[in-house]
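*Asks:* Mind having a look at this structure? Questions to follow.
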Amino acid sequence: MANTMDLLGALLKRGMTDSSASRIEHSLGDRGIGGAGGILEQQLGVSPAKAPVAAQAQAVQAQNESESGGLLDSLGGLGDMAKSFLGQGTQGKNLAAGGLGALVGAILGGGGKSAKGAIGGGALALLGSIAMQALRGGSQQKSQSGEIDSADKLAAGLREPENAQEEKQVQSIADLTVKAMINAAKADGHIDEDEMQKVVGELQEDGISQAERDYLMAEVRKPFSTDEIVRAAPNRQVAAQVYAASLLAIEVDTPEEKSYLRGLARDLNLDDRVVGQIHATLGVA
């Protein structure tokens with residue numbers, strides 16, 4: 001049986017477009033979810049935007065090549081998250097932060113098969129945080145903390161499932177997110193199956209199973225169907241996550257892709273403010 005949480009993590013780690021990594025890095029900056037007073041600081045106690053992205057990348061790469069943790073020590077929240085992934089920090093006590101650290105470490109130069117479970121959780125937490133901040137008013141309302149509903153935290157990957165029912169719910173959100181990303185890739189009228197086979201081969205290097213490979217290729221071969229994606233989104237939190245994931249899955253450089261995103265936002269009942277904030281967080285015009 002395919003573990004779509006692992007598959008989601010692998011897709012975000014490898015990236016479905018050339019811009020994926022830079023968009024994720026942008027989302028963790030001061031204009032995204034990583035600034036002071038942002039969702040990550042409010043909910044996880046970390047603020048990744050305390051160091052420039054270039055320095056973050058250099059530090060994570062250096063940490064992977066050396067036992068010295070000196071460089072990461074100066075990076076604030078992102079350094080703590082990346083160190084937890086690398087086994088040297090304490091931030092991993094918060095599993096959502098540990099998962100984000102795994103994802104950040106993987107994208108900026110580290111990560112491997114043994115971390116795939118954590119990366120999957122980090123991928124959901126990243127998308128969930130982007131969506132949550134957009135729904136709560138975006139960067140201009142960072143200072144307004146306020147309580148977040150427990151169900152939204154679960155959907156956003158910001159708290160761990162507490163029972164089998166919640167675990168099933170989280171897996172269903174991961175499943176929907178993967179389907180949305182693949183569907184978005186078909187928005188310009190085609191998806192290159194040979195190219196996807198190459199992507200799948202790269203994902204296998206990260207440890208995805210044969211079941212996950214088969215699941216992904218089955219989704220690639222399915223007919224384009226946005227209605228199925230929209231119907232499966234249970235609430236606005238998940239709807240915004242689905243939109244953010246779809247935006248990460250395509251370059252948005254064709255009229256068809258732009259039209260697809262407009263229609264997806266409309267059908268998911270996401271207003272222009274929320275959509276604009278998600279684009280701004282990911283650095284997409």
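By convention here, the chains of the structure tokens are called A, B, ... in the order presented, each chain's residues are numbered starting at 1, and ligands are numbered starting at 1 in the order presented.
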Leaving out Leu216 of chain A and any residue of its chain fewer than 3 positions from it, which residues lie within 10 Å of it when counting only C-alpha atoms, given as an NGL selection string?
*Replies:* :A and (2 or 4 or 7 or 178-179 or 182 or 196-197 or 200 or 210-213 or 219-221)
*Asks:* Would you list the contacts of Ala180 of chain A as a PyMOL selection string, taking every protein, DNA or RNA residue within 12 Å and counting only C-alpha atoms, but skipping same-chain residues closer than 2 positions in sequence?
*Replies:* chain A and resi 8+173-178+182-187+216+219-220+224-233+238-250+260-261+264
*Asks:* Would you save the residues from that selection as a tab-separated table (two decimals), in the first residue's frame, using N, CA and C atoms?
*Replies:*
chain	number	residue	atom	x	y	z
A	8	LEU	N	4.55	12.58	-0.83
A	8	LEU	CA	4.46	14.04	-0.80
A	8	LEU	C	5.81	14.65	-0.42
A	173	ILE	N	-5.35	13.69	3.55
A	173	ILE	CA	-4.94	15.02	3.10
A	173	ILE	C	-3.67	14.92	2.26
A	174	ALA	N	-2.73	14.08	2.69
A	174	ALA	CA	-1.52	13.86	1.90
A	174	ALA	C	-1.86	13.27	0.54
A	175	ASP	N	-2.80	12.32	0.53
A	175	ASP	CA	-3.25	11.69	-0.71
A	175	ASP	C	-3.85	12.73	-1.66
A	176	LEU	N	-4.73	13.57	-1.13
A	176	LEU	CA	-5.35	14.61	-1.95
A	176	LEU	C	-4.31	15.58	-2.48
A	177	THR	N	-3.33	15.92	-1.66
A	177	THR	CA	-2.30	16.87	-2.07
A	177	THR	C	-1.47	16.34	-3.22
A	178	VAL	N	-1.07	15.07	-3.13
A	178	VAL	CA	-0.31	14.45	-4.22
A	178	VAL	C	-1.14	14.44	-5.50
A	182	ILE	N	-0.21	16.36	-9.17
A	182	ILE	CA	-0.14	15.66	-10.46
A	182	ILE	C	-1.18	16.24	-11.43
A	183	ASN	N	-2.37	16.53	-10.92
A	183	ASN	CA	-3.40	17.11	-11.77
A	183	ASN	C	-2.97	18.47	-12.31
A	184	ALA	N	-2.34	19.27	-11.46
A	184	ALA	CA	-1.87	20.59	-11.90
A	184	ALA	C	-0.83	20.45	-13.01
A	185	ALA	N	-0.02	19.41	-12.94
A	185	ALA	CA	1.02	19.19	-13.96
A	185	ALA	C	0.41	18.89	-15.33
A	186	LYS	N	-0.86	18.51	-15.34
A	186	LYS	CA	-1.56	18.23	-16.61
A	186	LYS	C	-2.28	19.46	-17.16
A	187	ALA	N	-2.15	20.60	-16.47
A	187	ALA	CA	-2.97	21.77	-16.78
A	187	ALA	C	-2.74	22.32	-18.18
A	216	LEU	N	1.97	6.68	-8.08
A	216	LEU	CA	2.27	7.92	-8.76
A	216	LEU	C	2.02	7.80	-10.27
A	219	GLU	N	-1.64	7.83	-11.13
A	219	GLU	CA	-2.20	9.18	-11.11
A	219	GLU	C	-1.81	9.94	-12.38
A	220	VAL	N	-0.59	9.75	-12.84
A	220	VAL	CA	-0.14	10.41	-14.06
A	220	VAL	C	-1.02	10.00	-15.25
A	224	PHE	N	-7.38	14.15	-16.74
A	224	PHE	CA	-7.38	15.42	-16.02
A	224	PHE	C	-8.75	15.64	-15.38
A	225	SER	N	-8.80	15.88	-14.07
A	225	SER	CA	-10.09	16.03	-13.39
A	225	SER	C	-9.96	16.94	-12.17
A	226	THR	N	-10.27	18.21	-12.35
A	226	THR	CA	-10.20	19.14	-11.23
A	226	THR	C	-11.39	18.97	-10.29
A	227	ASP	N	-12.54	18.57	-10.82
A	227	ASP	CA	-13.73	18.41	-9.99
A	227	ASP	C	-13.49	17.43	-8.85
A	228	GLU	N	-12.78	16.36	-9.14
A	228	GLU	CA	-12.49	15.36	-8.10
A	228	GLU	C	-11.65	15.96	-6.98
A	229	ILE	N	-10.68	16.78	-7.35
A	229	ILE	CA	-9.82	17.44	-6.35
A	229	ILE	C	-10.65	18.38	-5.49
A	230	VAL	N	-11.47	19.19	-6.11
A	230	VAL	CA	-12.26	20.19	-5.38
A	230	VAL	C	-13.25	19.52	-4.43
A	231	ARG	N	-13.93	18.49	-4.89
A	231	ARG	CA	-14.92	17.80	-4.05
A	231	ARG	C	-14.28	17.17	-2.82
A	232	ALA	N	-13.03	16.78	-2.93
A	232	ALA	CA	-12.37	16.07	-1.84
A	232	ALA	C	-11.82	17.00	-0.76
A	233	ALA	N	-11.76	18.30	-1.03
A	233	ALA	CA	-11.24	19.25	-0.03
A	233	ALA	C	-12.30	19.50	1.03
A	238	VAL	N	-7.67	23.02	4.15
A	238	VAL	CA	-7.15	22.04	3.20
A	238	VAL	C	-7.22	22.58	1.78
A	239	ALA	N	-8.27	23.33	1.47
A	239	ALA	CA	-8.40	23.92	0.13
A	239	ALA	C	-7.20	24.82	-0.17
A	240	ALA	N	-6.80	25.64	0.81
A	240	ALA	CA	-5.66	26.53	0.61
A	240	ALA	C	-4.36	25.74	0.50
A	241	GLN	N	-4.25	24.63	1.22
A	241	GLN	CA	-3.07	23.78	1.11
A	241	GLN	C	-2.98	23.16	-0.28
A	242	VAL	N	-4.12	22.71	-0.77
A	242	VAL	CA	-4.18	22.12	-2.11
A	242	VAL	C	-3.74	23.15	-3.15
A	243	TYR	N	-4.19	24.39	-3.00
A	243	TYR	CA	-3.80	25.43	-3.95
A	243	TYR	C	-2.29	25.68	-3.88
A	244	ALA	N	-1.75	25.79	-2.67
A	244	ALA	CA	-0.31	26.03	-2.51
A	244	ALA	C	0.51	24.91	-3.14
A	245	ALA	N	0.08	23.66	-2.93
A	245	ALA	CA	0.78	22.52	-3.51
A	245	ALA	C	0.71	22.55	-5.03
A	246	SER	N	-0.45	22.91	-5.57
A	246	SER	CA	-0.61	23.01	-7.02
A	246	SER	C	0.30	24.08	-7.60
A	247	LEU	N	0.43	25.19	-6.88
A	247	LEU	CA	1.30	26.27	-7.33
A	247	LEU	C	2.76	25.83	-7.35
A	248	LEU	N	3.14	24.98	-6.39
A	248	LEU	CA	4.51	24.46	-6.36
A	248	LEU	C	4.78	23.44	-7.46
A	249	ALA	N	3.73	22.86	-8.01
A	249	ALA	CA	3.89	21.76	-8.97
A	249	ALA	C	4.10	22.23	-10.40
A	250	ILE	N	3.85	23.51	-10.67
A	250	ILE	CA	3.95	24.00	-12.05
A	250	ILE	C	4.72	25.32	-12.09
A	260	TYR	N	-5.74	27.57	-15.27
A	260	TYR	CA	-6.03	26.46	-14.35
A	260	TYR	C	-6.04	26.95	-12.91
A	261	LEU	N	-5.04	27.72	-12.53
A	261	LEU	CA	-4.97	28.20	-11.15
A	261	LEU	C	-6.13	29.13	-10.82
A	264	LEU	N	-9.09	26.88	-10.34
A	264	LEU	CA	-8.94	26.09	-9.10
A	264	LEU	C	-9.28	26.95	-7.89
*Asks:* Tell me, in Å to one decimal, how far atom CA of Val170 of chain A is from atom CA of Gly15 of chain A.
*Replies:*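 A separation of 21.5 Å between them.
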*Asks:* For Val284 of chain A, which residue among A:Val252, A:Leu270, A:Ala125, A:Met217 is the nearest when counting only C-alpha atoms?
*Replies:* A:Val252
*Asks:* Looking at A:Pro255, A:Gly189, A:Gly201, A:Gly137, which one is nearest to Leu11 of chain A, with distances taken over only C-alpha atoms?
*Replies:* A:Gly201
*Asks:* So, with only C-alpha atoms as the atoms that count, which of A:Ser27, A:Ser22, A:Thr254, A:Gln133 lies closest to Thr281 of chain A?
*Replies:*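 Checking each candidate against Thr281 of chain A, we get A:Ser27 as the closest.
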*Asks:* Among segment 157-192 of chain A, which residues does DSSP mark as alpha helix (DSSP H) when it is run on the backbone? Keep the chain and numbering as in the structure and answer as a list in words.
*Replies:*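 In segment 157-192 of chain A, DSSP puts these residues in alpha helix (DSSP H): Ala164, Gln165, Glu166, Glu167, Lys168, Gln169, Val170, Gln171, Ser172, Ile173, Ala174, Asp175, Leu176, Thr177, Val178, Lys179, Ala180, Met181, Ile182, Asn183, Ala184 and Ala185 of chain A.
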*Asks:* Could you save those same residues with C-alpha atoms as a short mmCIF file (atom, residue, chain, number, x, y, z; two decimals), in the first residue's frame?
*Replies:*
data_model
loop_
_atom_site.label_atom_id
_atom_site.label_comp_id
_atom_site.auth_asym_id
_atom_site.auth_seq_id
_atom_site.Cartn_x
_atom_site.Cartn_y
_atom_site.Cartn_z
CA ALA A 164 -6.11 6.05 14.29
CA GLN A 165 -8.95 8.22 12.98
CA GLU A 166 -6.74 11.31 12.96
CA GLU A 167 -3.91 9.36 11.32
CA LYS A 168 -6.30 8.32 8.56
CA GLN A 169 -7.43 11.93 8.15
CA VAL A 170 -3.85 13.18 7.77
CA GLN A 171 -3.05 10.46 5.25
CA SER A 172 -6.15 11.40 3.24
CA ILE A 173 -4.94 15.02 3.10
CA ALA A 174 -1.52 13.86 1.90
CA ASP A 175 -3.25 11.69 -0.71
CA LEU A 176 -5.35 14.61 -1.95
CA THR A 177 -2.30 16.87 -2.07
CA VAL A 178 -0.31 14.45 -4.22
CA LYS A 179 -3.28 14.05 -6.56
CA ALA A 180 -3.64 17.84 -6.81
CA MET A 181 0.04 18.27 -7.70
CA ILE A 182 -0.14 15.66 -10.46
CA ASN A 183 -3.40 17.11 -11.77
CA ALA A 184 -1.87 20.59 -11.90
CA ALA A 185 1.02 19.19 -13.96
#
*Asks:* Restricting the calculation to only C-alpha atoms: of A:Gly37, A:Ser20, A:Gly120, A:Asp152, which residue gets closest to Leu135 of chain A?
*Replies:*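 With only C-alpha atoms as the atom set, the closest residue is A:Asp152.
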*Asks:* Quick one, how far is atom CA of Ile208 of chain A from atom CA of Gly9 of chain A?
*Replies:*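 We find that atom CA of Ile208 of chain A and atom CA of Gly9 of chain A lie 10.0 Å from each other.
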